[in-house]
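Undergrad: Below are the structure tokens for one structure; questions will follow.
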Amino acid sequence: MKSESGHKYLVSSGKDQMWGITVDTVGSQTVPPGYEVYPPRVGHPSGFYFDVGKGRILESCQLLYITSGRGLFYGCSRERIEIGPGDMILLRPNRWHSYRPDRETGWHEYWIGFRGPNVDARFRNDFFDDNLEVFRVGVREEIVDLYDKAREVAENERSSYQQYLAGIANLLLGMAMYYHANHQFVSQEVVGQIDRARRIMRDEFSTGISPEEVARRVNMSYSWFRKMFRDYTNLSPARYMQQLRLQEACRLLSGTSLSIKEIAFRINCGDASYFSNLFRRHLRMTPVEYRMRFGFGCEPAGTGEEEGLPES
């Protein structure tokens with residue numbers, strides 16, 4: 001992993017801002033053990049420099065990533081949170097915060113600051129718990145590589161560099177969610193059981209296997225399995241299997257000349273009328289319309305499966 005220090009503060013055009021995310025700062029720095037002052041009083045604009053005792057409020061969002069050392073973070077609740085290697089701090093706009101490395105260890109930090117309507121939408125649509133400010137993601141080479149790439153792109157400032165940086169910022173935000181959610185989940189044993197359950201569902205959804213049978217095969221009670229599955233995937237087991245059936249139906253409609261009745265049978269989705277209603281309810285078009293738009297052109301004449309269907 002690279003550890004050299006450096007930072008860049010960036011500007012963006014009106015067209016850049018129309019992209020939905022713009023990046024205003026990228027950098028990293030090593031704060032050695034026994035440091036005299038933090039943050040270093042070199043090269044940081046007044047809007048980003050702060051007094052640790054007083055804290056600060058930023059206008060934009062920042063993701064601060066610690067790869068070595070330890071320290072403390074104080075969020076808007078003023079609660080003291082211990083920080084160590086592999087922790088990512090989400091500094092939200094218009095919220096007070098403060099942080100500092102331990103004098104005994106110092107730390108190495110990376111950061112990227114960004115703003116825009118796409119970022120605002122992540123918070124507005126509750127992708128992030130309002131009280132969650134520290135993500136336990138672990139020290140990961142791919143995350144360090146992204147910060148280093150962001151520094152390189154920011155340093156060169158080539159044409160469309162803001163769009164490149166926006167992609168990196170968005171990916172880092174998603175990785176913070178992903179790794180924290182998996183790290184914080186009940187146990188790795190449960191994660192393994194849910195992963196095995198999903199493999200069973202993918203392999204056997206067309207056989208008519210029930211969610212209760214899947215739970216039995218991964219050695220979980222159904223009520224606990226259903227709760228853990230929903231917590232982990234944001235879908236119930238039954239809905240997950242339904243999605244698998246609809247995905248396979250789309251594949252068969254676009255890639256084969258099987259009739260609607262045959263496809264309903266293949267995916268174990270009842271008779272043609274039930275399948276067609278279900279398909280239309282979820283994809284906002286009938287199986288025939290889907291095939292005409294994405295597949296073989298039209299349903300062979302004389303099947304009659306779509307006649308007289310009730311409105312969903």
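Each chain in the structure tokens gets a letter, A, B, ..., in the order shown, and its residues are numbered from 1; ligands are numbered from 1 in order too.
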For range 200-214 of chain A, list every protein, DNA or RNA residue within 6 Å, evaluated using only C-alpha atoms, and leave out those in the same chain fewer than 4 positions away; present the list as a PDB file with C-alpha atoms, in the first residue's frame.

TA:
ATOM      1  CA  TYR A 222     -38.165 -20.888   9.081  1.00  0.00           C
ATOM      2  CA  PRO A 237     -37.195 -15.699   0.668  1.00  0.00           C
ATOM      3  CA  ILE A 267     -40.311 -21.983 -14.095  1.00  0.00           C
ATOM      4  CA  ASN A 268     -42.978 -23.703 -11.968  1.00  0.00           C
TER       5      ASN A 268
END

Undergrad: Could you give me, as a list in words, the residues within 6 Å of Pro101 in chain A, counting only C-alpha atoms and dropping anything in the same chain fewer than 5 positions from it?

TA: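 Selected residues are Arg70, Gly71, Gly106 and Trp107 of chain A.
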
Undergrad: Go ahead and write the selection's residues with N, CA and C atoms as a PDB file, in the first residue's frame.

TA:
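Saved to out-v9.pdb:
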ATOM      1  N   ARG A  70      -4.396   4.625  15.329  1.00  0.00           N
ATOM      2  CA  ARG A  70      -5.714   4.677  15.958  1.00  0.00           C
ATOM      3  C   ARG A  70      -5.991   6.110  16.410  1.00  0.00           C
ATOM      4  N   GLY A  71      -7.229   6.365  16.797  1.00  0.00           N
ATOM      5  CA  GLY A  71      -7.597   7.702  17.229  1.00  0.00           C
ATOM      6  C   GLY A  71      -9.019   7.748  17.716  1.00  0.00           C
ATOM      7  N   GLY A 106      -0.153   7.952  16.068  1.00  0.00           N
ATOM      8  CA  GLY A 106      -0.425   8.652  14.824  1.00  0.00           C
ATOM      9  C   GLY A 106      -1.393   7.828  13.983  1.00  0.00           C
ATOM     10  N   TRP A 107      -1.530   8.169  12.717  1.00  0.00           N
ATOM     11  CA  TRP A 107      -2.291   7.306  11.796  1.00  0.00           C
ATOM     12  C   TRP A 107      -2.011   7.722  10.360  1.00  0.00           C
TER      13      TRP A 107
END

Undergrad: Please run DSSP on the backbone and report, as a PyMOL selection string, all residues within range 187-223 of chain A that come out as alpha helix (DSSP H).

TA: chain A and resi 188-204+211-217+222-223

Undergrad: Hey, which of A:Arg95, A:Arg251, A:Arg103, A:Arg245 ends up closest to Gly295 in chain A? Count only C-alpha atoms.

TA: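 Among the listed residues, A:Arg251 lies closest to Gly295 in chain A.
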
Undergrad: Which of these residues is nearest to Gly69 in chain A, using only C-alpha atoms: A:His282, A:His97, A:His108, A:Arg92?

TA: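 Closest to Gly69 in chain A, using only C-alpha atoms: A:His108.
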
Undergrad: Give me, please, the distance in Å between CA of His180 in chain A and CA of Glu82 in chain A, quoted to one decimal.

TA: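 Result for CA of His180 in chain A versus CA of Glu82 in chain A: 15.9 Å, one decimal.
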
Undergrad: I'd like to know which residues of range 107-258 of chain A are strand (DSSP E or B) (by DSSP, run on the backbone); could you write them as JSON, numbers by chain?

TA: {"A": [107, 108, 109, 110, 111, 112, 113, 114, 115, 134, 135, 136]}

Undergrad: Restrict the selected residues to all heavy atoms and save them as a tab-separated table (two decimals), in the first residue's frame.

TA:
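again.tsv written:
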chain	number	residue	atom	x	y	z
A	107	TRP	N	-1.53	8.17	12.72
A	107	TRP	CA	-2.29	7.31	11.80
A	107	TRP	C	-2.01	7.72	10.36
A	107	TRP	O	-1.42	8.78	10.11
A	107	TRP	CB	-3.78	7.29	12.12
A	107	TRP	CG	-4.60	8.53	11.87
A	107	TRP	CD1	-4.30	9.60	11.07
A	107	TRP	CD2	-5.90	8.81	12.43
A	107	TRP	NE1	-5.31	10.52	11.08
A	107	TRP	CE2	-6.31	10.07	11.91
A	107	TRP	CE3	-6.75	8.13	13.29
A	107	TRP	CZ2	-7.52	10.65	12.24
A	107	TRP	CZ3	-7.95	8.71	13.61
A	107	TRP	CH2	-8.33	9.95	13.11
A	108	HIS	N	-2.45	6.86	9.43
A	108	HIS	CA	-2.43	7.25	8.02
A	108	HIS	C	-3.88	7.35	7.56
A	108	HIS	O	-4.68	6.44	7.79
A	108	HIS	CB	-1.68	6.24	7.15
A	108	HIS	CG	-1.55	6.71	5.73
A	108	HIS	ND1	-0.62	7.67	5.36
A	108	HIS	CD2	-2.25	6.42	4.62
A	108	HIS	CE1	-0.74	7.92	4.07
A	108	HIS	NE2	-1.73	7.18	3.60
A	109	GLU	N	-4.20	8.46	6.95
A	109	GLU	CA	-5.58	8.71	6.53
A	109	GLU	C	-5.66	9.04	5.05
A	109	GLU	O	-4.75	9.64	4.46
A	109	GLU	CB	-6.17	9.88	7.33
A	109	GLU	CG	-5.45	11.20	7.11
A	109	GLU	CD	-6.01	12.33	7.96
A	109	GLU	OE1	-6.56	12.06	9.05
A	109	GLU	OE2	-5.87	13.50	7.54
A	110	TYR	N	-6.74	8.60	4.44
A	110	TYR	CA	-7.13	9.00	3.09
A	110	TYR	C	-8.46	9.72	3.20
A	110	TYR	O	-9.27	9.44	4.09
A	110	TYR	CB	-7.34	7.77	2.19
A	110	TYR	CG	-6.10	7.02	1.81
A	110	TYR	CD1	-5.59	6.02	2.63
A	110	TYR	CD2	-5.44	7.27	0.61
A	110	TYR	CE1	-4.46	5.30	2.27
A	110	TYR	CE2	-4.31	6.57	0.24
A	110	TYR	CZ	-3.82	5.59	1.07
A	110	TYR	OH	-2.70	4.88	0.71
A	111	TRP	N	-8.73	10.63	2.27
A	111	TRP	CA	-10.05	11.25	2.26
A	111	TRP	C	-10.44	11.63	0.83
A	111	TRP	O	-9.61	11.81	-0.05
A	111	TRP	CB	-10.09	12.49	3.16
A	111	TRP	CG	-9.30	13.67	2.66
A	111	TRP	CD1	-9.69	14.64	1.78
A	111	TRP	CD2	-7.93	13.99	3.00
A	111	TRP	NE1	-8.69	15.55	1.56
A	111	TRP	CE2	-7.59	15.17	2.30
A	111	TRP	CE3	-6.99	13.40	3.83
A	111	TRP	CZ2	-6.34	15.78	2.40
A	111	TRP	CZ3	-5.74	14.00	3.93
A	111	TRP	CH2	-5.42	15.17	3.23
A	112	ILE	N	-11.74	11.71	0.64
A	112	ILE	CA	-12.31	12.24	-0.59
A	112	ILE	C	-13.57	13.00	-0.21
A	112	ILE	O	-14.38	12.53	0.59
A	112	ILE	CB	-12.60	11.13	-1.63
A	112	ILE	CG1	-13.07	11.73	-2.97
A	112	ILE	CG2	-13.62	10.12	-1.10
A	112	ILE	CD1	-13.09	10.73	-4.12
A	113	GLY	N	-13.71	14.22	-0.72
A	113	GLY	CA	-14.87	15.07	-0.42
A	113	GLY	C	-15.70	15.28	-1.67
A	113	GLY	O	-15.15	15.52	-2.74
A	114	PHE	N	-17.01	15.21	-1.53
A	114	PHE	CA	-17.88	15.29	-2.71
A	114	PHE	C	-19.25	15.83	-2.31
A	114	PHE	O	-19.62	15.85	-1.14
A	114	PHE	CB	-18.02	13.92	-3.38
A	114	PHE	CG	-18.30	12.79	-2.43
A	114	PHE	CD1	-19.59	12.36	-2.20
A	114	PHE	CD2	-17.26	12.18	-1.74
A	114	PHE	CE1	-19.86	11.31	-1.32
A	114	PHE	CE2	-17.52	11.12	-0.85
A	114	PHE	CZ	-18.81	10.70	-0.64
A	115	ARG	N	-19.99	16.27	-3.30
A	115	ARG	CA	-21.32	16.83	-3.08
A	115	ARG	C	-22.15	16.67	-4.33
A	115	ARG	O	-21.64	16.29	-5.39
A	115	ARG	CB	-21.22	18.31	-2.70
A	115	ARG	CG	-20.71	19.20	-3.84
A	115	ARG	CD	-20.62	20.65	-3.43
A	115	ARG	NE	-19.45	20.91	-2.58
A	115	ARG	CZ	-19.38	21.92	-1.75
A	115	ARG	NH1	-20.38	22.76	-1.62
A	115	ARG	NH2	-18.28	22.13	-1.04
A	134	VAL	N	-19.52	5.80	11.46
A	134	VAL	CA	-18.28	5.04	11.33
A	134	VAL	C	-18.60	3.67	10.73
A	134	VAL	O	-19.42	2.92	11.26
A	134	VAL	CB	-17.58	4.86	12.69
A	134	VAL	CG1	-16.32	4.00	12.54
A	134	VAL	CG2	-17.23	6.22	13.29
A	135	PHE	N	-17.95	3.36	9.62
A	135	PHE	CA	-18.15	2.10	8.92
A	135	PHE	C	-16.92	1.21	9.17
A	135	PHE	O	-15.79	1.63	8.89
A	135	PHE	CB	-18.33	2.33	7.42
A	135	PHE	CG	-19.59	3.05	7.07
A	135	PHE	CD1	-19.71	4.42	7.28
A	135	PHE	CD2	-20.67	2.37	6.53
A	135	PHE	CE1	-20.88	5.09	6.97
A	135	PHE	CE2	-21.85	3.03	6.22
A	135	PHE	CZ	-21.95	4.40	6.44
A	136	ARG	N	-17.15	0.02	9.67
A	136	ARG	CA	-16.05	-0.92	9.92
A	136	ARG	C	-15.89	-1.78	8.65
A	136	ARG	O	-16.57	-2.77	8.47
A	136	ARG	CB	-16.37	-1.80	11.12
A	136	ARG	CG	-16.88	-1.04	12.36
A	136	ARG	CD	-15.84	-0.13	12.98
A	136	ARG	NE	-16.32	0.44	14.25
A	136	ARG	CZ	-15.62	1.26	15.00
A	136	ARG	NH1	-14.40	1.63	14.64
A	136	ARG	NH2	-16.13	1.75	16.13

Undergrad: Residues within 12 Å of Arg196 in chain A, please, as a PDB file with all heavy atoms, in the first residue's frame. Count only C-alpha atoms; anything in the same chain fewer than 4 positions from it doesn't count.

TA:
ATOM      1  N   GLU A 189     -21.282 -17.448  10.384  1.00  0.00           N
ATOM      2  CA  GLU A 189     -22.019 -18.694  10.197  1.00  0.00           C
ATOM      3  C   GLU A 189     -23.375 -18.428   9.549  1.00  0.00           C
ATOM      4  O   GLU A 189     -23.786 -19.129   8.616  1.00  0.00           O
ATOM      5  CB  GLU A 189     -22.221 -19.397  11.545  1.00  0.00           C
ATOM      6  CG  GLU A 189     -22.985 -20.718  11.425  1.00  0.00           C
ATOM      7  CD  GLU A 189     -23.216 -21.391  12.766  1.00  0.00           C
ATOM      8  OE1 GLU A 189     -22.818 -20.806  13.798  1.00  0.00           O
ATOM      9  OE2 GLU A 189     -23.802 -22.478  12.783  1.00  0.00           O
ATOM     10  N   VAL A 190     -24.064 -17.389  10.029  1.00  0.00           N
ATOM     11  CA  VAL A 190     -25.359 -17.036   9.439  1.00  0.00           C
ATOM     12  C   VAL A 190     -25.179 -16.575   7.999  1.00  0.00           C
ATOM     13  O   VAL A 190     -25.961 -16.939   7.112  1.00  0.00           O
ATOM     14  CB  VAL A 190     -26.066 -15.958  10.281  1.00  0.00           C
ATOM     15  CG1 VAL A 190     -27.322 -15.471   9.578  1.00  0.00           C
ATOM     16  CG2 VAL A 190     -26.419 -16.502  11.654  1.00  0.00           C
ATOM     17  N   VAL A 191     -24.152 -15.775   7.743  1.00  0.00           N
ATOM     18  CA  VAL A 191     -23.866 -15.335   6.373  1.00  0.00           C
ATOM     19  C   VAL A 191     -23.679 -16.547   5.471  1.00  0.00           C
ATOM     20  O   VAL A 191     -24.210 -16.609   4.351  1.00  0.00           O
ATOM     21  CB  VAL A 191     -22.618 -14.433   6.334  1.00  0.00           C
ATOM     22  CG1 VAL A 191     -22.185 -14.175   4.887  1.00  0.00           C
ATOM     23  CG2 VAL A 191     -22.892 -13.114   7.036  1.00  0.00           C
ATOM     24  N   GLY A 192     -22.929 -17.538   5.956  1.00  0.00           N
ATOM     25  CA  GLY A 192     -22.721 -18.752   5.172  1.00  0.00           C
ATOM     26  C   GLY A 192     -24.014 -19.488   4.906  1.00  0.00           C
ATOM     27  O   GLY A 192     -24.245 -20.001   3.802  1.00  0.00           O
ATOM     28  N   ILE A 200     -29.064 -22.701  -3.248  1.00  0.00           N
ATOM     29  CA  ILE A 200     -30.127 -23.699  -3.408  1.00  0.00           C
ATOM     30  C   ILE A 200     -31.281 -23.118  -4.208  1.00  0.00           C
ATOM     31  O   ILE A 200     -31.825 -23.754  -5.121  1.00  0.00           O
ATOM     32  CB  ILE A 200     -30.609 -24.185  -2.028  1.00  0.00           C
ATOM     33  CG1 ILE A 200     -29.513 -24.989  -1.326  1.00  0.00           C
ATOM     34  CG2 ILE A 200     -31.889 -25.018  -2.159  1.00  0.00           C
ATOM     35  CD1 ILE A 200     -29.798 -25.292   0.141  1.00  0.00           C
ATOM     36  N   MET A 201     -31.690 -21.896  -3.873  1.00  0.00           N
ATOM     37  CA  MET A 201     -32.797 -21.261  -4.588  1.00  0.00           C
ATOM     38  C   MET A 201     -32.478 -21.090  -6.060  1.00  0.00           C
ATOM     39  O   MET A 201     -33.327 -21.337  -6.933  1.00  0.00           O
ATOM     40  CB  MET A 201     -33.111 -19.908  -3.950  1.00  0.00           C
ATOM     41  CG  MET A 201     -33.690 -19.989  -2.551  1.00  0.00           C
ATOM     42  SD  MET A 201     -33.859 -18.317  -1.849  1.00  0.00           S
ATOM     43  CE  MET A 201     -34.626 -18.677  -0.277  1.00  0.00           C
ATOM     44  N   ARG A 202     -31.268 -20.642  -6.372  1.00  0.00           N
ATOM     45  CA  ARG A 202     -30.883 -20.435  -7.772  1.00  0.00           C
ATOM     46  C   ARG A 202     -30.871 -21.760  -8.543  1.00  0.00           C
ATOM     47  O   ARG A 202     -31.257 -21.806  -9.708  1.00  0.00           O
ATOM     48  CB  ARG A 202     -29.514 -19.761  -7.855  1.00  0.00           C
ATOM     49  CG  ARG A 202     -29.555 -18.285  -7.519  1.00  0.00           C
ATOM     50  CD  ARG A 202     -28.227 -17.594  -7.771  1.00  0.00           C
ATOM     51  NE  ARG A 202     -28.359 -16.163  -7.566  1.00  0.00           N
ATOM     52  CZ  ARG A 202     -28.798 -15.305  -8.470  1.00  0.00           C
ATOM     53  NH1 ARG A 202     -29.157 -15.756  -9.672  1.00  0.00           N
ATOM     54  NH2 ARG A 202     -28.896 -14.028  -8.204  1.00  0.00           N
ATOM     55  N   ASP A 203     -30.408 -22.815  -7.883  1.00  0.00           N
ATOM     56  CA  ASP A 203     -30.309 -24.106  -8.558  1.00  0.00           C
ATOM     57  C   ASP A 203     -31.654 -24.797  -8.705  1.00  0.00           C
ATOM     58  O   ASP A 203     -31.866 -25.565  -9.652  1.00  0.00           O
ATOM     59  CB  ASP A 203     -29.355 -25.033  -7.792  1.00  0.00           C
ATOM     60  CG  ASP A 203     -27.904 -24.586  -7.856  1.00  0.00           C
ATOM     61  OD1 ASP A 203     -27.574 -23.768  -8.748  1.00  0.00           O
ATOM     62  OD2 ASP A 203     -27.105 -25.033  -7.005  1.00  0.00           O
ATOM     63  N   VAL A 214     -36.026 -24.830   2.013  1.00  0.00           N
ATOM     64  CA  VAL A 214     -34.692 -24.228   1.943  1.00  0.00           C
ATOM     65  C   VAL A 214     -34.161 -23.990   3.349  1.00  0.00           C
ATOM     66  O   VAL A 214     -32.999 -24.298   3.655  1.00  0.00           O
ATOM     67  CB  VAL A 214     -34.721 -22.911   1.146  1.00  0.00           C
ATOM     68  CG1 VAL A 214     -33.351 -22.228   1.191  1.00  0.00           C
ATOM     69  CG2 VAL A 214     -35.124 -23.166  -0.307  1.00  0.00           C
ATOM     70  N   ALA A 215     -35.007 -23.452   4.237  1.00  0.00           N
ATOM     71  CA  ALA A 215     -34.597 -23.207   5.621  1.00  0.00           C
ATOM     72  C   ALA A 215     -34.175 -24.500   6.297  1.00  0.00           C
ATOM     73  O   ALA A 215     -33.160 -24.548   7.009  1.00  0.00           O
ATOM     74  CB  ALA A 215     -35.740 -22.542   6.393  1.00  0.00           C
ATOM     75  N   ARG A 216     -34.932 -25.569   6.078  1.00  0.00           N
ATOM     76  CA  ARG A 216     -34.600 -26.858   6.691  1.00  0.00           C
ATOM     77  C   ARG A 216     -33.234 -27.347   6.206  1.00  0.00           C
ATOM     78  O   ARG A 216     -32.424 -27.853   6.994  1.00  0.00           O
ATOM     79  CB  ARG A 216     -35.679 -27.892   6.349  1.00  0.00           C
ATOM     80  CG  ARG A 216     -35.502 -29.222   7.077  1.00  0.00           C
ATOM     81  CD  ARG A 216     -36.404 -30.290   6.517  1.00  0.00           C
ATOM     82  NE  ARG A 216     -36.037 -30.651   5.147  1.00  0.00           N
ATOM     83  CZ  ARG A 216     -34.991 -31.418   4.831  1.00  0.00           C
ATOM     84  NH1 ARG A 216     -34.215 -31.914   5.792  1.00  0.00           N
ATOM     85  NH2 ARG A 216     -34.739 -31.705   3.579  1.00  0.00           N
ATOM     86  N   ARG A 217     -32.952 -27.146   4.917  1.00  0.00           N
ATOM     87  CA  ARG A 217     -31.708 -27.659   4.345  1.00  0.00           C
ATOM     88  C   ARG A 217     -30.475 -26.870   4.795  1.00  0.00           C
ATOM     89  O   ARG A 217     -29.355 -27.361   4.682  1.00  0.00           O
ATOM     90  CB  ARG A 217     -31.819 -27.697   2.818  1.00  0.00           C
ATOM     91  CG  ARG A 217     -32.716 -28.847   2.372  1.00  0.00           C
ATOM     92  CD  ARG A 217     -33.007 -28.852   0.908  1.00  0.00           C
ATOM     93  NE  ARG A 217     -31.823 -28.909   0.073  1.00  0.00           N
ATOM     94  CZ  ARG A 217     -31.857 -28.994  -1.273  1.00  0.00           C
ATOM     95  NH1 ARG A 217     -33.041 -29.052  -1.886  1.00  0.00           N
ATOM     96  NH2 ARG A 217     -30.759 -29.036  -1.971  1.00  0.00           N
ATOM     97  N   VAL A 218     -30.681 -25.654   5.288  1.00  0.00           N
ATOM     98  CA  VAL A 218     -29.527 -24.896   5.820  1.00  0.00           C
ATOM     99  C   VAL A 218     -29.557 -24.873   7.351  1.00  0.00           C
ATOM    100  O   VAL A 218     -28.869 -24.074   7.983  1.00  0.00           O
ATOM    101  CB  VAL A 218     -29.480 -23.459   5.254  1.00  0.00           C
ATOM    102  CG1 VAL A 218     -29.282 -23.489   3.749  1.00  0.00           C
ATOM    103  CG2 VAL A 218     -30.716 -22.653   5.639  1.00  0.00           C
ATOM    104  N   ASN A 219     -30.384 -25.765   7.926  1.00  0.00           N
ATOM    105  CA  ASN A 219     -30.422 -25.967   9.388  1.00  0.00           C
ATOM    106  C   ASN A 219     -30.840 -24.709  10.154  1.00  0.00           C
ATOM    107  O   ASN A 219     -30.229 -24.334  11.158  1.00  0.00           O
ATOM    108  CB  ASN A 219     -29.058 -26.452   9.897  1.00  0.00           C
ATOM    109  CG  ASN A 219     -28.644 -27.768   9.281  1.00  0.00           C
ATOM    110  OD1 ASN A 219     -29.430 -28.703   9.222  1.00  0.00           O
ATOM    111  ND2 ASN A 219     -27.406 -27.834   8.797  1.00  0.00           N
ATOM    112  N   MET A 220     -31.932 -24.074   9.698  1.00  0.00           N
ATOM    113  CA  MET A 220     -32.477 -22.923  10.395  1.00  0.00           C
ATOM    114  C   MET A 220     -33.982 -23.094  10.523  1.00  0.00           C
ATOM    115  O   MET A 220     -34.625 -23.661   9.635  1.00  0.00           O
ATOM    116  CB  MET A 220     -32.176 -21.615   9.638  1.00  0.00           C
ATOM    117  CG  MET A 220     -30.703 -21.296   9.486  1.00  0.00           C
ATOM    118  SD  MET A 220     -30.394 -19.805   8.474  1.00  0.00           S
ATOM    119  CE  MET A 220     -30.777 -18.514   9.675  1.00  0.00           C
ATOM    120  N   PHE A 225     -34.871 -17.987   9.737  1.00  0.00           N
ATOM    121  CA  PHE A 225     -34.342 -17.921   8.372  1.00  0.00           C
ATOM    122  C   PHE A 225     -34.965 -16.747   7.619  1.00  0.00           C
ATOM    123  O   PHE A 225     -34.264 -15.964   6.965  1.00  0.00           O
ATOM    124  CB  PHE A 225     -34.634 -19.229   7.641  1.00  0.00           C
ATOM    125  CG  PHE A 225     -34.368 -19.173   6.161  1.00  0.00           C
ATOM    126  CD1 PHE A 225     -33.076 -19.029   5.667  1.00  0.00           C
ATOM    127  CD2 PHE A 225     -35.424 -19.279   5.255  1.00  0.00           C
ATOM    128  CE1 PHE A 225     -32.841 -18.984   4.292  1.00  0.00           C
ATOM    129  CE2 PHE A 225     -35.199 -19.233   3.892  1.00  0.00           C
ATOM    130  CZ  PHE A 225     -33.898 -19.080   3.402  1.00  0.00           C
ATOM    131  N   PHE A 229     -32.760 -13.695   6.370  1.00  0.00           N
ATOM    132  CA  PHE A 229     -32.689 -13.538   4.917  1.00  0.00           C
ATOM    133  C   PHE A 229     -33.124 -12.134   4.517  1.00  0.00           C
ATOM    134  O   PHE A 229     -32.476 -11.476   3.699  1.00  0.00           O
ATOM    135  CB  PHE A 229     -33.578 -14.585   4.234  1.00  0.00           C
ATOM    136  CG  PHE A 229     -33.323 -14.729   2.756  1.00  0.00           C
ATOM    137  CD1 PHE A 229     -32.462 -15.704   2.290  1.00  0.00           C
ATOM    138  CD2 PHE A 229     -33.947 -13.890   1.835  1.00  0.00           C
ATOM    139  CE1 PHE A 229     -32.219 -15.839   0.920  1.00  0.00           C
ATOM    140  CE2 PHE A 229     -33.709 -14.019   0.476  1.00  0.00           C
ATOM    141  CZ  PHE A 229     -32.844 -14.999   0.015  1.00  0.00           C
TER     142      PHE A 229
END
